Amino acid sequence: MESITALKAGETGIVERITGGRSFISRVSAMGFTGNVEFTMLQNFSRGPLLVFLRDSQIALGRGEAEKIKVRRI
């Protein structure tokens with residue numbers, strides 16, 4: 001299991017676990033990041049926000065937020 005920031009553009013993964021406080025987990029769950037959901041990394045430069053395609057939506061995540069989302073590559 002690794003952080004979502006480890007994936008490169010075009011790679012696909014599955015959300016395994018979300019770490020953090022209750023408010024953070026609630027917020028990212030509302031965006032669609034729930035257990036066993038598949039997503040595709042659209043943009044991941046060495047710094048700055050990540051762009052993820054999840055449940056028919058493009059979602060931008062800051063690096064700090066993204067480090068708390070643990071995934072498995074497909």
# chains A, B, ... in the order shown; residues from 1 in each chain; ligands from 1
call {"tool": "residues_around", "arguments": {"residues": "Phe24 in chain A", "least_positions_apart": "4", "cutoff": "12 Å", "atoms": "only C-alpha atoms", "output": "list of chain:residue names"}}
result
A:Ile18, A:Thr19, A:Gly20, A:Val28, A:Ser29, A:Ala30, A:Met31, A:Phe33, A:Gly64, A:Glu65, A:Ala66, A:Lys68, A:Ile69
call {"tool": "select_by_dssp", "arguments": {"residues": "chain A", "states": "helix (DSSP H, G or I)", "output": "short mmCIF file (atom, residue, chain, number, x, y, z; two decimals) with N, CA and C atoms, in the first residue's frame"}}
result
data_model
loop_
_atom_site.label_atom_id
_atom_site.label_comp_id
_atom_site.auth_asym_id
_atom_site.auth_seq_id
_atom_site.Cartn_x
_atom_site.Cartn_y
_atom_site.Cartn_z
N ILE A 4 -1.25 7.94 -2.66
CA ILE A 4 -1.74 8.23 -4.02
C ILE A 4 -0.72 9.08 -4.79
N THR A 5 0.16 9.78 -4.09
CA THR A 5 1.16 10.62 -4.75
C THR A 5 2.21 9.79 -5.49
N ALA A 6 2.30 8.50 -5.22
CA ALA A 6 3.28 7.63 -5.88
C ALA A 6 2.87 7.26 -7.31
N ARG A 22 -11.41 13.04 11.59
CA ARG A 22 -12.79 12.79 11.16
C ARG A 22 -13.26 13.76 10.09
N SER A 23 -12.94 15.03 10.24
CA SER A 23 -13.41 16.01 9.26
C SER A 23 -12.77 15.80 7.90
N PHE A 24 -11.49 15.44 7.89
CA PHE A 24 -10.80 15.18 6.62
C PHE A 24 -11.41 13.95 5.93
N ILE A 25 -11.58 12.88 6.69
CA ILE A 25 -12.14 11.65 6.12
C ILE A 25 -13.55 11.91 5.59
N SER A 26 -14.34 12.67 6.32
CA SER A 26 -15.69 13.00 5.88
C SER A 26 -15.67 13.80 4.59
N ARG A 27 -14.76 14.76 4.49
CA ARG A 27 -14.68 15.62 3.31
C ARG A 27 -14.27 14.84 2.07
N VAL A 28 -13.22 14.02 2.17
CA VAL A 28 -12.77 13.28 0.98
C VAL A 28 -13.75 12.16 0.63
N SER A 29 -14.45 11.63 1.62
CA SER A 29 -15.49 10.63 1.33
C SER A 29 -16.63 11.27 0.54
N ALA A 30 -16.96 12.50 0.88
CA ALA A 30 -18.01 13.22 0.15
C ALA A 30 -17.59 13.50 -1.29
N MET A 31 -16.27 13.61 -1.53
CA MET A 31 -15.77 13.80 -2.89
C MET A 31 -15.79 12.51 -3.70
N ARG A 63 -1.10 18.24 -2.07
CA ARG A 63 -0.12 17.20 -1.69
C ARG A 63 -0.35 16.68 -0.28
N GLY A 64 -0.62 17.56 0.66
CA GLY A 64 -0.85 17.14 2.04
C GLY A 64 -2.05 16.22 2.16
N GLU A 65 -3.12 16.54 1.45
CA GLU A 65 -4.31 15.70 1.45
C GLU A 65 -4.01 14.36 0.79
N ALA A 66 -3.32 14.41 -0.33
CA ALA A 66 -3.05 13.20 -1.10
C ALA A 66 -2.17 12.22 -0.33
N GLU A 67 -1.27 12.71 0.50
CA GLU A 67 -0.40 11.82 1.28
C GLU A 67 -1.20 10.95 2.25
#
call {"tool": "residues_around", "arguments": {"residues": "Phe39 in chain A", "least_positions_apart": "3", "cutoff": "6 Å", "atoms": "only C-alpha atoms", "output": "VMD selection string"}}
result
chain A and resid 12 to 13 53 to 54
call {"tool": "write_last_selection", "arguments": {"atoms": "C-alpha atoms", "output": "mmCIF file, in the first residue's frame"}}
result
data_model
loop_
_atom_site.group_PDB
_atom_site.id
_atom_site.type_symbol
_atom_site.label_atom_id
_atom_site.label_comp_id
_atom_site.auth_asym_id
_atom_site.auth_seq_id
_atom_site.Cartn_x
_atom_site.Cartn_y
_atom_site.Cartn_z
ATOM 1 C CA THR A 12 -4.988 3.375 -12.226
ATOM 2 C CA GLY A 13 -5.418 2.477 -8.579
ATOM 3 C CA PHE A 53 -10.484 11.131 -12.358
ATOM 4 C CA LEU A 54 -12.909 9.453 -9.967
#
call {"tool": "select_by_dssp", "arguments": {"residues": "chain A", "states": "strand (DSSP E or B)", "output": "tab-separated table (two decimals) with N, CA and C atoms, in the first residue's frame"}}
result
chain	number	residue	atom	x	y	z
A	2	GLU	N	0.56	2.19	-0.84
A	2	GLU	CA	1.35	3.41	-0.95
A	2	GLU	C	0.43	4.62	-1.05
A	3	SER	N	1.02	5.77	-0.92
A	3	SER	CA	0.25	7.01	-1.02
A	3	SER	C	-0.16	7.24	-2.48
A	12	THR	N	-3.72	3.62	-12.89
A	12	THR	CA	-4.99	3.37	-12.23
A	12	THR	C	-4.73	2.73	-10.88
A	13	GLY	N	-5.56	3.06	-9.91
A	13	GLY	CA	-5.42	2.48	-8.58
A	13	GLY	C	-6.76	2.30	-7.90
A	14	ILE	N	-6.72	1.68	-6.73
A	14	ILE	CA	-7.91	1.47	-5.91
A	14	ILE	C	-7.62	2.04	-4.53
A	15	VAL	N	-8.57	2.80	-4.01
A	15	VAL	CA	-8.42	3.38	-2.68
A	15	VAL	C	-8.51	2.26	-1.65
A	16	GLU	N	-7.49	2.16	-0.79
A	16	GLU	CA	-7.45	1.13	0.24
A	16	GLU	C	-7.82	1.69	1.62
A	17	ARG	N	-7.24	2.86	1.95
A	17	ARG	CA	-7.44	3.40	3.29
A	17	ARG	C	-7.23	4.91	3.27
A	18	ILE	N	-7.94	5.61	4.14
A	18	ILE	CA	-7.78	7.05	4.29
A	18	ILE	C	-7.39	7.30	5.74
A	38	GLU	N	-12.22	2.68	-7.71
A	38	GLU	CA	-11.16	2.76	-8.72
A	38	GLU	C	-11.06	4.19	-9.24
A	39	PHE	N	-9.83	4.64	-9.50
A	39	PHE	CA	-9.60	5.99	-10.02
A	39	PHE	C	-8.43	5.95	-10.99
A	40	THR	N	-8.29	7.03	-11.75
A	40	THR	CA	-7.17	7.19	-12.68
A	40	THR	C	-6.47	8.51	-12.38
A	41	MET	N	-5.15	8.46	-12.30
A	41	MET	CA	-4.36	9.67	-12.08
A	41	MET	C	-4.27	10.42	-13.41
A	42	LEU	N	-4.69	11.67	-13.43
A	42	LEU	CA	-4.64	12.47	-14.65
A	42	LEU	C	-3.38	13.33	-14.71
A	43	GLN	N	-3.00	13.90	-13.57
A	43	GLN	CA	-1.84	14.80	-13.54
A	43	GLN	C	-1.15	14.67	-12.19
A	50	LEU	N	-2.57	17.39	-7.32
A	50	LEU	CA	-2.78	16.23	-8.18
A	50	LEU	C	-4.16	16.35	-8.80
A	51	LEU	N	-4.32	15.79	-9.98
A	51	LEU	CA	-5.62	15.77	-10.62
A	51	LEU	C	-6.00	14.31	-10.85
A	52	VAL	N	-7.15	13.91	-10.30
A	52	VAL	CA	-7.58	12.52	-10.31
A	52	VAL	C	-8.96	12.43	-10.97
A	53	PHE	N	-9.17	11.39	-11.77
A	53	PHE	CA	-10.48	11.13	-12.36
A	53	PHE	C	-11.14	10.03	-11.54
A	54	LEU	N	-12.25	10.36	-10.90
A	54	LEU	CA	-12.91	9.45	-9.97
A	54	LEU	C	-14.42	9.61	-10.08
A	57	SER	N	-15.79	12.32	-12.40
A	57	SER	CA	-15.43	13.69	-12.02
A	57	SER	C	-13.92	13.84	-11.96
A	58	GLN	N	-13.45	15.05	-12.24
A	58	GLN	CA	-12.04	15.37	-12.05
A	58	GLN	C	-11.92	16.08	-10.71
A	59	ILE	N	-11.01	15.57	-9.86
A	59	ILE	CA	-10.86	16.11	-8.52
A	59	ILE	C	-9.41	16.52	-8.32
A	60	ALA	N	-9.20	17.73	-7.82
A	60	ALA	CA	-7.85	18.21	-7.51
A	60	ALA	C	-7.61	18.03	-6.02
A	61	LEU	N	-6.43	17.50	-5.69
A	61	LEU	CA	-6.04	17.28	-4.30
A	61	LEU	C	-4.71	17.95	-4.04
A	69	ILE	N	-4.09	9.53	1.62
A	69	ILE	CA	-4.92	8.55	0.91
A	69	ILE	C	-4.02	7.42	0.43
A	70	LYS	N	-4.23	6.24	0.98
A	70	LYS	CA	-3.40	5.06	0.66
A	70	LYS	C	-4.11	4.22	-0.41
A	71	VAL	N	-3.35	3.81	-1.41
A	71	VAL	CA	-3.94	3.12	-2.56
A	71	VAL	C	-3.14	1.88	-2.94
A	72	ARG	N	-3.73	1.10	-3.83
A	72	ARG	CA	-3.08	-0.06	-4.42
A	72	ARG	C	-3.12	0.11	-5.93
A	73	ARG	N	-1.98	-0.07	-6.59
A	73	ARG	CA	-1.93	0.04	-8.06
A	73	ARG	C	-2.63	-1.14	-8.70
call {"tool": "closest_residue", "arguments": {"among": "A:Gly62, A:Asn44, A:Asp56, A:Pro49", "to": "Leu7 in chain A", "atoms": "only C-alpha atoms"}}
result
A:Asn44
